[in-house]
>>> print(open('my_file-v9.cif').read())   # mmCIF, C-alpha atoms
data_final
#
loop_
_atom_site.label_atom_id
_atom_site.label_comp_id
_atom_site.auth_asym_id
_atom_site.auth_seq_id
_atom_site.Cartn_x
_atom_site.Cartn_y
_atom_site.Cartn_z
CA MET A 1 -82.36 43.01 -143.25
CA THR A 2 -84.54 41.35 -140.68
CA ASP A 3 -86.15 38.08 -141.42
CA PRO A 4 -89.89 38.26 -140.80
CA ARG A 5 -90.35 34.52 -140.38
CA LYS A 6 -90.71 32.90 -136.99
CA ALA A 7 -87.66 31.25 -135.46
CA ARG A 8 -87.84 27.48 -135.74
CA VAL A 9 -87.18 25.59 -132.53
CA ALA A 10 -86.58 21.86 -132.05
CA THR A 11 -86.40 20.16 -128.66
CA VAL A 12 -85.55 16.69 -127.43
CA SER A 13 -85.16 14.84 -124.16
CA LEU A 14 -82.16 12.48 -124.11
CA ALA A 15 -81.13 10.95 -120.76
CA GLY A 16 -83.37 13.33 -118.86
CA CYS A 17 -86.59 13.07 -116.87
CA PHE A 18 -88.66 15.51 -118.97
CA GLY A 19 -88.52 17.91 -116.05
CA CYS A 20 -86.73 20.48 -118.20
CA HIS A 21 -89.49 20.27 -120.79
CA MET A 22 -91.97 20.77 -117.97
CA ALA A 23 -89.89 23.77 -116.87
CA ILE A 24 -90.47 25.32 -120.30
CA LEU A 25 -94.13 25.51 -119.26
CA ASP A 26 -93.06 27.41 -116.12
CA MET A 27 -92.67 30.44 -118.36
CA ASP A 28 -96.46 30.60 -117.90
CA GLU A 29 -98.23 33.39 -119.80
CA ARG A 30 -94.93 34.62 -121.22
CA LEU A 31 -95.15 31.58 -123.51
CA ILE A 32 -97.94 33.34 -125.41
CA GLY A 33 -95.69 36.24 -126.35
CA LEU A 34 -92.83 33.88 -127.11
CA MET A 35 -94.99 31.74 -129.40
CA GLU A 36 -95.52 34.79 -131.60
CA LYS A 37 -91.82 34.67 -132.33
CA VAL A 38 -91.19 30.92 -132.59
CA GLU A 39 -92.64 27.79 -134.08
CA PHE A 40 -91.78 24.25 -133.09
CA ASP A 41 -90.34 21.73 -135.47
CA ARG A 42 -89.09 18.36 -134.21
CA SER A 43 -90.12 18.12 -130.56
CA PRO A 44 -92.02 15.91 -128.15
CA LEU A 45 -94.36 18.90 -127.79
CA THR A 46 -95.41 18.58 -131.45
CA ASP A 47 -94.75 14.84 -131.68
CA ILE A 48 -92.75 15.49 -134.87
CA LYS A 49 -90.03 12.83 -134.75
CA THR A 50 -87.67 13.95 -137.53
CA PHE A 51 -86.53 17.36 -138.68
CA THR A 52 -88.79 18.75 -141.40
CA ARG A 53 -86.22 21.48 -142.18
CA ARG A 54 -83.28 23.32 -140.69
CA CYS A 55 -83.97 24.94 -137.32
CA ASP A 56 -82.64 28.07 -135.69
CA ILE A 57 -82.55 26.77 -132.14
CA GLY A 58 -82.21 23.24 -130.80
CA ILE A 59 -82.92 22.67 -127.12
CA ILE A 60 -81.43 19.53 -125.56
CA GLU A 61 -82.57 18.09 -122.26
CA GLY A 62 -80.49 15.29 -120.73
CA GLY A 63 -77.04 13.90 -121.40
CA CYS A 64 -76.02 10.86 -123.44
CA CYS A 65 -76.37 7.48 -121.75
CA ASN A 66 -76.92 5.30 -124.82
CA GLU A 67 -76.00 5.21 -128.49
CA GLU A 68 -79.39 6.51 -129.59
CA ASN A 69 -78.84 9.65 -127.49
CA VAL A 70 -75.56 10.21 -129.34
CA HIS A 71 -77.15 9.78 -132.78
CA THR A 72 -80.00 12.13 -131.85
CA LEU A 73 -77.62 14.75 -130.49
CA ILE A 74 -75.44 14.63 -133.62
CA GLU A 75 -78.62 14.96 -135.70
CA PHE A 76 -79.58 18.06 -133.70
CA ARG A 77 -76.14 19.59 -134.16
CA LYS A 78 -76.39 19.03 -137.92
CA ASN A 79 -79.84 20.58 -138.19
CA CYS A 80 -79.72 23.49 -135.73
CA ASP A 81 -77.86 26.78 -135.94
CA VAL A 82 -77.76 27.28 -132.20
CA LEU A 83 -77.72 24.39 -129.75
CA ILE A 84 -78.76 24.91 -126.14
CA ALA A 85 -78.12 22.40 -123.37
CA LEU A 86 -81.02 22.85 -120.96
CA GLY A 87 -80.50 21.74 -117.37
CA GLN A 88 -77.86 19.92 -115.34
CA CYS A 89 -78.23 16.52 -117.07
CA ALA A 90 -77.45 18.04 -120.46
CA ILE A 91 -74.67 20.16 -118.99
CA MET A 92 -72.85 17.64 -116.82
CA GLY A 93 -74.74 14.35 -116.94
CA GLY A 94 -76.91 15.04 -113.92
CA LEU A 95 -78.60 12.24 -112.03
CA PRO A 96 -77.80 9.54 -114.62
CA ALA A 97 -74.11 10.45 -114.21
CA MET A 98 -74.27 9.00 -110.69
CA ARG A 99 -73.37 5.74 -112.35
CA ASN A 100 -70.09 7.21 -113.63
CA ALA A 101 -68.63 7.16 -110.14
CA ILE A 102 -69.10 3.41 -109.79
CA MET A 103 -67.58 2.83 -113.20
CA HIS A 104 -64.13 2.19 -111.82
CA ALA A 105 -64.90 -1.47 -111.13
CA ALA A 106 -63.30 -4.21 -113.24
CA GLU A 107 -66.44 -4.75 -115.32
CA PRO A 108 -68.30 -1.55 -114.54
CA LEU A 109 -71.23 -1.80 -116.91
CA ARG A 110 -71.93 -5.40 -115.95
CA GLU A 111 -71.84 -4.49 -112.28
CA CYS A 112 -74.21 -1.59 -112.85
CA LEU A 113 -76.71 -3.65 -114.88
CA GLU A 114 -76.54 -6.60 -112.49
CA GLU A 115 -77.39 -4.40 -109.56
CA ALA A 116 -80.18 -2.76 -111.53
CA TYR A 117 -81.77 -5.98 -112.80
CA ILE A 118 -80.51 -8.95 -110.77
CA SER A 119 -78.84 -8.34 -107.42
CA GLY A 120 -80.40 -5.07 -106.20
CA PRO A 121 -82.30 -5.44 -102.90
CA TYR A 122 -85.61 -3.95 -104.05
CA LEU A 123 -86.10 -5.79 -107.32
CA ARG A 124 -88.99 -7.77 -108.69
CA ASN A 125 -87.56 -9.09 -111.95
CA MET A 126 -89.22 -12.44 -112.68
CA THR A 127 -86.98 -13.23 -115.66
CA ARG A 128 -83.76 -12.73 -113.63
CA LEU A 129 -82.22 -11.45 -116.87
CA ILE A 130 -80.66 -8.19 -117.99
CA PRO A 131 -82.88 -6.83 -120.83
CA ASN A 132 -81.12 -7.62 -124.09
CA ASP A 133 -83.65 -7.06 -126.85
CA PRO A 134 -82.02 -5.99 -130.14
CA VAL A 135 -84.31 -2.95 -130.34
CA LEU A 136 -82.88 -1.54 -127.12
CA PRO A 137 -80.16 1.04 -127.74
CA LEU A 138 -76.79 -0.01 -126.38
CA VAL A 139 -75.89 1.60 -123.06
CA LEU A 140 -72.69 3.66 -123.15
CA ASP A 141 -69.75 2.97 -120.85
CA ARG A 142 -70.57 6.16 -118.95
CA VAL A 143 -72.95 9.09 -119.12
CA TYR A 144 -71.59 11.96 -121.21
CA PRO A 145 -72.50 15.63 -120.96
CA CYS A 146 -73.75 16.97 -124.32
CA SER A 147 -70.71 19.19 -124.70
CA GLU A 148 -68.43 16.13 -124.72
CA VAL A 149 -70.26 14.79 -127.78
CA VAL A 150 -70.97 17.88 -129.92
CA ASP A 151 -70.33 21.62 -129.72
CA ILE A 152 -72.90 23.30 -127.51
CA ASP A 153 -73.49 27.04 -127.87
CA TYR A 154 -75.32 27.87 -124.64
CA GLN A 155 -75.93 25.98 -121.41
CA ILE A 156 -78.84 26.95 -119.17
CA PRO A 157 -78.17 25.68 -115.62
CA GLY A 158 -80.74 24.31 -113.19
CA CYS A 159 -82.49 21.12 -112.13
CA ALA A 160 -84.86 22.02 -113.54
CA PRO A 161 -83.99 25.52 -114.78
CA SER A 162 -86.48 28.14 -113.62
CA GLY A 163 -89.05 29.51 -116.03
CA ASP A 164 -87.38 32.90 -115.54
CA ILE A 165 -83.92 31.86 -116.69
CA ILE A 166 -85.33 29.92 -119.66
CA TYR A 167 -87.45 32.89 -120.69
CA SER A 168 -84.75 35.51 -120.29
CA THR A 169 -82.26 33.36 -122.22
CA LEU A 170 -84.63 32.55 -125.09
CA ALA A 171 -86.04 36.08 -125.31
CA THR A 172 -82.60 37.70 -125.41
CA LEU A 173 -81.24 35.09 -127.83
CA LEU A 174 -84.13 35.70 -130.22
CA ASP A 175 -83.45 39.44 -130.10
CA GLY A 176 -79.73 38.86 -130.56
CA ARG A 177 -78.80 40.52 -127.29
CA PHE A 178 -77.92 37.61 -125.01
CA THR A 179 -74.87 38.52 -122.94
CA GLY A 180 -74.88 35.84 -120.25
CA PHE A 181 -76.86 35.00 -117.15
CA ASP A 182 -77.59 37.26 -114.25
CA ARG A 183 -75.63 35.62 -111.43
CA GLU A 184 -78.62 35.97 -109.10
CA ASP A 185 -80.49 33.58 -111.41
CA ILE A 186 -77.86 30.83 -111.57
CA ARG A 187 -78.95 27.64 -109.78
CA PHE A 188 -77.69 24.07 -110.02
CA ASP A 189 -80.76 22.64 -108.25
CA MET B 1 -47.02 45.82 -82.36
CA THR B 2 -48.71 48.94 -81.13
CA GLY B 3 -52.44 49.37 -81.02
CA GLU B 4 -52.49 52.22 -83.54
CA SER B 5 -54.95 51.49 -86.33
CA PHE B 6 -53.95 52.34 -89.87
CA VAL B 7 -55.47 52.66 -93.32
CA PHE B 8 -54.95 50.58 -96.44
CA HIS B 9 -56.91 50.31 -99.69
CA ILE B 10 -58.97 47.52 -101.21
CA ASP B 11 -59.99 48.26 -104.81
CA GLY B 12 -59.48 51.95 -104.05
CA VAL B 13 -61.66 51.96 -100.94
CA ALA B 14 -59.97 53.10 -97.74
CA VAL B 15 -60.14 50.38 -95.06
CA THR B 16 -59.11 50.82 -91.45
CA ALA B 17 -57.26 47.95 -89.82
CA LYS B 18 -55.71 47.20 -86.47
CA PRO B 19 -52.19 45.77 -86.25
CA GLY B 20 -52.26 41.99 -86.52
CA GLN B 21 -55.50 41.91 -88.51
CA THR B 22 -55.40 40.01 -91.76
CA ILE B 23 -56.55 41.63 -94.99
CA MET B 24 -59.72 39.52 -94.84
CA GLU B 25 -60.53 40.39 -91.22
CA ALA B 26 -60.23 44.10 -91.95
CA ALA B 27 -62.24 43.72 -95.16
CA ASP B 28 -65.01 41.82 -93.36
CA ALA B 29 -65.26 44.53 -90.73
CA ALA B 30 -65.45 47.18 -93.47
CA GLY B 31 -68.19 45.33 -95.36
CA ILE B 32 -66.01 44.24 -98.28
CA TYR B 33 -66.43 40.59 -99.16
CA ILE B 34 -63.41 38.58 -100.24
CA PRO B 35 -64.51 35.15 -101.52
CA ARG B 36 -63.25 32.23 -99.41
CA LEU B 37 -63.92 28.54 -98.89
CA CYS B 38 -61.42 27.19 -96.34
CA ASP B 39 -61.86 30.15 -94.01
CA VAL B 40 -64.84 30.49 -91.70
CA GLU B 41 -65.55 32.64 -88.69
CA GLY B 42 -64.47 31.04 -85.41
CA LEU B 43 -61.68 28.87 -86.81
CA ARG B 44 -58.02 29.70 -87.27
CA HIS B 45 -56.97 30.70 -90.76
CA GLN B 46 -55.39 28.12 -93.01
CA GLY B 47 -54.84 29.74 -96.42
CA GLY B 48 -55.46 26.44 -98.17
CA CYS B 49 -58.10 26.93 -100.83
CA ARG B 50 -56.55 30.10 -102.30
CA VAL B 51 -59.99 31.33 -103.40
CA CYS B 52 -59.34 34.48 -101.32
CA THR B 53 -56.18 35.26 -103.30
CA VAL B 54 -55.82 39.00 -103.79
CA LYS B 55 -53.04 41.13 -105.25
CA ALA B 56 -51.41 43.08 -102.44
CA ASP B 57 -48.95 45.64 -103.84
CA GLY B 58 -48.73 43.44 -106.93
CA ARG B 59 -48.09 40.15 -105.13
CA SER B 60 -50.60 37.31 -105.01
CA VAL B 61 -51.37 36.48 -101.39
CA SER B 62 -54.17 34.72 -99.55
CA ALA B 63 -56.20 37.44 -97.87
CA CYS B 64 -57.15 35.21 -94.93
CA THR B 65 -53.56 34.81 -93.76
CA GLN B 66 -51.75 37.92 -95.03
CA PRO B 67 -51.62 40.68 -92.40
CA ALA B 68 -52.88 44.05 -93.49
CA ALA B 69 -50.21 46.74 -93.61
CA PRO B 70 -50.32 50.54 -93.77
CA ASP B 71 -50.81 51.93 -97.29
CA LEU B 72 -51.13 48.44 -98.81
CA LYS B 73 -52.95 48.51 -102.16
CA VAL B 74 -55.14 45.41 -102.50
CA GLU B 75 -56.84 44.28 -105.69
CA ASN B 76 -59.86 42.11 -104.84
CA ASP B 77 -63.06 42.32 -106.89
CA THR B 78 -61.60 42.61 -110.39
CA PRO B 79 -62.27 40.47 -113.48
CA ALA B 80 -58.74 39.06 -113.34
CA ARG B 81 -58.93 38.02 -109.66
CA ASN B 82 -62.39 36.57 -110.09
CA ARG B 83 -61.32 34.61 -113.17
CA VAL B 84 -58.59 32.89 -111.17
CA ARG B 85 -61.08 32.18 -108.39
CA ARG B 86 -63.55 30.72 -110.86
CA ASP B 87 -60.82 28.44 -112.23
CA LEU B 88 -60.09 27.23 -108.69
CA VAL B 89 -63.76 26.56 -107.97
CA GLU B 90 -64.16 24.83 -111.33
CA MET B 91 -61.26 22.52 -110.52
CA LEU B 92 -62.87 21.64 -107.19
CA PHE B 93 -66.01 20.65 -109.09
CA HIS B 94 -63.90 18.41 -111.30
CA GLU B 95 -62.01 16.83 -108.41
CA GLY B 96 -65.01 15.48 -106.51
CA ASN B 97 -68.48 14.23 -107.34
CA HIS B 98 -70.46 17.43 -107.09
CA LEU B 99 -73.85 16.42 -108.47
CA CYS B 100 -75.91 19.28 -107.06
CA PRO B 101 -79.32 17.87 -108.05
CA ILE B 102 -78.78 14.81 -105.81
CA CYS B 103 -76.97 16.48 -102.92
CA GLU B 104 -78.91 17.37 -99.78
CA LYS B 105 -76.59 20.31 -99.12
CA SER B 106 -77.68 21.98 -102.36
CA GLY B 107 -78.78 25.53 -101.60
CA ASN B 108 -76.73 25.61 -98.39
CA CYS B 109 -73.48 24.62 -100.08
CA GLU B 110 -70.71 27.21 -100.10
CA LEU B 111 -68.93 25.63 -103.07
CA GLN B 112 -72.13 25.86 -105.10
CA ALA B 113 -72.83 29.38 -103.86
CA MET B 114 -69.29 30.42 -104.76
CA ALA B 115 -69.86 29.06 -108.27
CA TYR B 116 -73.01 31.22 -108.49
CA ARG B 117 -71.18 34.29 -107.26
CA LEU B 118 -68.29 33.78 -109.66
CA GLU B 119 -70.76 33.14 -112.50
CA MET B 120 -69.61 29.62 -113.16
CA THR B 121 -72.42 27.99 -115.10
CA VAL B 122 -70.62 24.98 -116.47
CA ALA B 123 -67.59 23.02 -115.43
CA THR B 124 -66.44 21.20 -118.51
CA ARG B 125 -62.98 22.46 -119.36
CA PHE B 126 -61.19 19.68 -117.50
CA PRO B 127 -61.92 15.95 -117.24
CA TYR B 128 -63.94 14.89 -114.18
CA LEU B 129 -61.87 12.78 -111.81
CA GLU B 130 -64.97 10.98 -110.49
CA PRO B 131 -63.56 9.58 -107.25
CA CYS B 132 -65.17 6.42 -105.91
CA ARG B 133 -64.73 6.62 -102.14
CA GLU B 134 -66.97 4.60 -99.93
CA LEU B 135 -69.73 6.31 -98.00
CA ASP B 136 -69.15 6.11 -94.23
CA ALA B 137 -72.60 5.81 -92.66
CA SER B 138 -71.35 3.86 -89.64
CA HIS B 139 -72.14 6.57 -87.08
CA PRO B 140 -75.76 6.63 -85.88
CA ASP B 141 -76.16 10.41 -86.32
CA ILE B 142 -73.58 11.40 -88.92
CA ALA B 143 -72.66 10.21 -92.41
CA LEU B 144 -69.58 11.07 -94.43
CA ASP B 145 -69.51 11.27 -98.21
CA THR B 146 -65.90 12.20 -98.90
CA ASN B 147 -66.54 12.18 -102.64
CA ARG B 148 -67.85 15.68 -102.00
CA CYS B 149 -64.95 16.76 -99.79
CA ILE B 150 -62.94 19.76 -101.02
CA SER B 151 -60.18 19.24 -98.40
CA CYS B 152 -60.74 22.68 -96.90
CA GLY B 153 -59.81 21.31 -93.47
CA ARG B 154 -62.50 23.23 -91.62
CA CYS B 155 -63.69 20.06 -89.87
CA ILE B 156 -60.10 19.26 -88.88
CA ARG B 157 -59.59 22.66 -87.26
CA ALA B 158 -63.03 22.64 -85.64
CA SER B 159 -62.51 19.20 -84.15
CA GLN B 160 -58.98 19.95 -82.91
CA ASP B 161 -59.32 23.54 -81.76
CA VAL B 162 -62.96 23.84 -80.67
CA ASP B 163 -63.99 20.32 -79.71
CA GLY B 164 -60.52 19.25 -78.52
CA LYS B 165 -60.96 15.86 -80.17
CA GLY B 166 -59.08 15.46 -83.43
CA VAL B 167 -61.70 13.33 -85.17
CA PHE B 168 -60.46 14.41 -88.60
CA GLY B 169 -57.03 14.77 -90.14
CA TYR B 170 -55.29 14.92 -93.50
CA VAL B 171 -53.77 11.79 -95.02
CA GLY B 172 -51.70 11.49 -98.20
CA ARG B 173 -49.85 14.15 -100.15
CA GLY B 174 -50.39 16.30 -103.22
CA ILE B 175 -53.38 15.33 -105.35
CA HIS B 176 -53.88 12.31 -103.06
CA ARG B 177 -54.28 14.37 -99.92
CA ARG B 178 -57.67 13.99 -98.39
CA VAL B 179 -59.51 14.22 -95.11
CA ALA B 180 -59.80 11.00 -93.12
CA VAL B 181 -61.19 10.06 -89.72
CA ASN B 182 -59.08 9.02 -86.77
CA GLY B 183 -60.32 5.43 -86.60
CA ALA B 184 -61.55 2.53 -88.72
CA ASP B 185 -64.67 4.57 -89.50
CA LEU B 186 -66.63 7.40 -87.97
CA ALA B 187 -68.37 5.09 -85.48
CA HIS B 188 -64.95 4.17 -84.10
CA THR B 189 -64.06 7.78 -83.25
CA ASP B 190 -65.36 9.93 -80.44
CA ALA B 191 -67.37 12.03 -82.90
CA ALA B 192 -70.73 13.30 -81.67
CA VAL B 193 -73.42 15.10 -83.61
CA THR B 194 -73.18 17.94 -81.08
CA ASP B 195 -69.52 18.60 -82.01
CA HIS B 196 -68.80 21.95 -83.59
CA ALA B 197 -67.03 20.05 -86.38
CA MET B 198 -70.35 18.42 -87.32
CA SER B 199 -72.38 21.64 -87.32
CA ALA B 200 -73.86 22.89 -90.56
CA ALA B 201 -71.58 25.94 -90.62
CA VAL B 202 -68.34 23.97 -90.63
CA CYS B 203 -68.50 21.65 -93.65
CA PRO B 204 -68.97 23.98 -96.64
CA VAL B 205 -70.14 21.14 -98.88
CA GLY B 206 -72.31 18.03 -98.45
CA CYS B 207 -69.53 15.82 -97.09
CA ILE B 208 -70.46 15.79 -93.39
CA ILE B 209 -74.13 14.90 -93.33
CA ARG B 210 -76.19 15.05 -90.16
CA LYS B 211 -78.74 12.28 -90.51
CA ASP B 212 -82.50 12.93 -90.44
CA GLU B 213 -82.10 16.56 -91.49
CA GLY B 214 -81.68 16.39 -95.26
CA PHE B 215 -84.74 18.02 -96.73
CA ARG B 216 -86.36 19.70 -93.73
CA VAL B 217 -85.90 22.96 -95.57
CA PRO B 218 -87.00 22.48 -99.17
CA ILE B 219 -84.80 23.28 -102.19
CA GLY B 220 -85.57 26.85 -103.19
CA SER B 221 -85.95 28.15 -99.60
CA ARG B 222 -82.39 27.54 -98.48
CA HIS B 223 -79.67 29.88 -97.34
CA PHE B 224 -78.17 30.83 -100.69
CA ASP B 225 -81.57 31.01 -102.37
CA HIS B 226 -82.00 34.29 -100.49
CA GLY B 227 -78.85 36.01 -101.71
CA LEU B 228 -75.34 35.59 -103.04
CA ILE B 229 -72.69 34.21 -100.73
CA GLY B 230 -71.09 37.13 -98.92
CA HIS B 231 -74.10 39.43 -99.09
CA GLU B 232 -74.30 39.56 -95.27
CA ILE B 233 -70.80 41.02 -95.18
CA GLU B 234 -71.48 43.42 -98.06
CA GLU B 235 -74.62 44.71 -96.35
CA LYS B 236 -72.47 45.95 -93.45
CA ARG B 237 -70.82 48.45 -95.76
CA GLU B 238 -71.79 52.04 -95.17
#
>>> encode(input="my_file-v9.cif", output="structure tokens")
Amino acid sequence: MTDPRKARVATVSLAGCFGCHMAILDMDERLIGLMEKVEFDRSPLTDIKTFTRRCDIGIIEGGCCNEENVHTLIEFRKNCDVLIALGQCAIMGGLPAMRNAIMHAAEPLRECLEEAYISGPYLRNMTRLIPNDPVLPLVLDRVYPCSEVVDIDYQIPGCAPSGDIIYSTLATLLDGRFTGFDREDIRFD
Amino acid sequence: MTGESFVFHIDGVAVTAKPGQTIMEAADAAGIYIPRLCDVEGLRHQGGCRVCTVKADGRSVSACTQPAAPDLKVENDTPARNRVRRDLVEMLFHEGNHLCPICEKSGNCELQAMAYRLEMTVATRFPYLEPCRELDASHPDIALDTNRCISCGRCIRASQDVDGKGVFGYVGRGIHRRVAVNGADLAHTDAAVTDHAMSAAVCPVGCIIRKDEGFRVPIGSRHFDHGLIGHEIEEKRE
């Protein structure tokens, strides 16, 4: 029996640049057809900040660089049937994961923050302090791909993924006939 | 060996080869692409990366070094062979820092293009080694980011055999083997940007960087944006 209701979709940007959300708009006029099949729940596009009910598809942009990212991702896993990692940051950490490679120092996080806020050559930080407000989420020791934190069902590659690959993946997933990507469409940039 | 050419089969297709030709050389001439990373036209074969591994009469051999032989039955483009190749490419992604979105070689990178061809979308089955090797930007025209090196040795062979210089060489053994320069840094070698070893065709990844070139061709208009790696060879097929 087919369910006549629209598929509910939630999206979030963790340690990403919002480029993958912008890439969703690259589907252009195909969005109109897609919107007949889906409705958005929690998403920056609707500005709904908590899940109103269980969703069919959760789309994650960005990896996990702080504890809030981890909580949000776990929340998405709990509330979504299918979880999609969208883009290189969600898949393997992406640009933020550049800091992982310097994390072999004795006090890696300190070194990273000191360069970012105190010793870097192009800084204008009047306070000469590393931000330490209690409301700031704690930064993780390294940047984690989403799949290292929760189970991810599908990963759409790209930085940002093309409108074509996002559309073909979502359209085939919604029809239950997704069988993988066309290798001509795979891009990591 | 005599000059008589002979026939062998790759995935059931009859391929003509001359004595002394490797399986890959004969396949290239016949328009059959065998994936490879450490092998490139103009340099001697090394058989190091093993991405070109085929089954020849049931034995796993590297197609770039194994001579073709009459009546040989070679298994190349099969799900089993390609799965092994994908595992090899995946491990290379885990060994170095291959962050495509920040790499200026992206789109011209053979490692990346091989991942596309072998339908590798994610590399997450193994832990990332995340090496932390220092960038060598000492040379005025060339920079080296060996965190992206896949130890294919193409630069070593190009520098030794074509340029007659020996700027690069292997150091260390096993997992610690890597490519190093013959001097304190690249500025203290006789490397020149005009060397064949420094040309874009030699380094398959973004390790040898020619300065001031990075983004002259924008992402999206680069070599492998126009077709899968190996399509030039496959187009030769009649």
>>> closest_atom_pairs(input="my_file-v9.cif", of="stretch 40-115 of chain B", to="stretch 213-236 of chain B", cutoff="7 Å", atoms="all atoms listed in the file", output="tab-separated table")
residue	atom	partner	partner_atom	distance
B:Glu104	CA	B:Gly214	CA	5.4
B:Gly107	CA	B:Arg222	CA	5.2
B:Asn108	CA	B:His223	CA	5.3
B:Ala113	CA	B:Ile229	CA	5.8
B:Met114	CA	B:Ile229	CA	6.5
>>> write_last_selection(input="my_file-v9.cif", atoms="C-alpha atoms", output="CSV table (one decimal), keeping the file's coordinate frame")
chain,number,residue,atom,x,y,z
B,104,GLU,CA,-78.9,17.4,-99.8
B,107,GLY,CA,-78.8,25.5,-101.6
B,108,ASN,CA,-76.7,25.6,-98.4
B,113,ALA,CA,-72.8,29.4,-103.9
B,114,MET,CA,-69.3,30.4,-104.8
>>> closest_atom_pairs(input="my_file-v9.cif", of="chain A", to="chain B", cutoff="7 Å", atoms="only C-alpha atoms", output="tab-separated table")
residue	atom	partner	partner_atom	distance
A:Ile91	CA	B:Val122	CA	6.8
A:Gly94	CA	B:Leu99	CA	6.4
A:Leu95	CA	B:Ile102	CA	6.7
A:Ala101	CA	B:Glu130	CA	5.3
A:Ile102	CA	B:Cys132	CA	6.3
A:Pro157	CA	B:Thr121	CA	6.2
A:Cys159	CA	B:Pro101	CA	6.1
A:Arg183	CA	B:Glu119	CA	5.6
A:Glu184	CA	B:Leu228	CA	6.9
A:Ile186	CA	B:Tyr116	CA	5.8
A:Phe188	CA	B:Cys100	CA	5.9
A:Asp189	CA	B:Pro101	CA	5.0
>>> atom_distance(input="my_file-v9.cif", atom1="atom CA of A:Lys6", atom2="atom CA of A:Glu39")
6.2 Å
>>> atom_distance(input="my_file-v9.cif", atom1="atom CA of A:Thr46", atom2="atom CA of A:Cys80")
17.0 Å
>>> resolve_selection(input="my_file-v9.cif", expression="the PyMOL selection byres ((chain A and resi 48-59) around 7)", output="list in words")
Ala7, Arg8, Val9, Ala10, Thr11, Val12, Asp41, Arg42, Ser43, Pro44, Thr46, Asp47, Ile60, Glu61, Phe76, Asn79, Cys80, Asp81, Val82, Leu83, Ile84, Ala85 and Leu86 of chain A
>>> residues_around(input="my_file-v9.cif", residues="A:Lys37", least_positions_apart="3", cutoff="12 Å", atoms="all atoms listed in the file", output="list in words")
Asp3, Pro4, Arg5, Lys6, Ala7, Arg8, Val9, Arg30, Leu31, Ile32, Gly33, Leu34, Phe40, Asp56, Leu170, Ala171, Thr172, Leu173, Leu174 and Asp175 of chain A
>>> atom_distance(input="my_file-v9.cif", atom1="atom CA of A:Leu25", atom2="atom CA of A:Gly163")
7.2 Å
>>> residues_around(input="my_file-v9.cif", residues="A:His71", least_positions_apart="3", cutoff="12 Å", atoms="only C-alpha atoms", output="ChimeraX atom specification")
/A:14,64-68,74-78,137-138,146,149-150
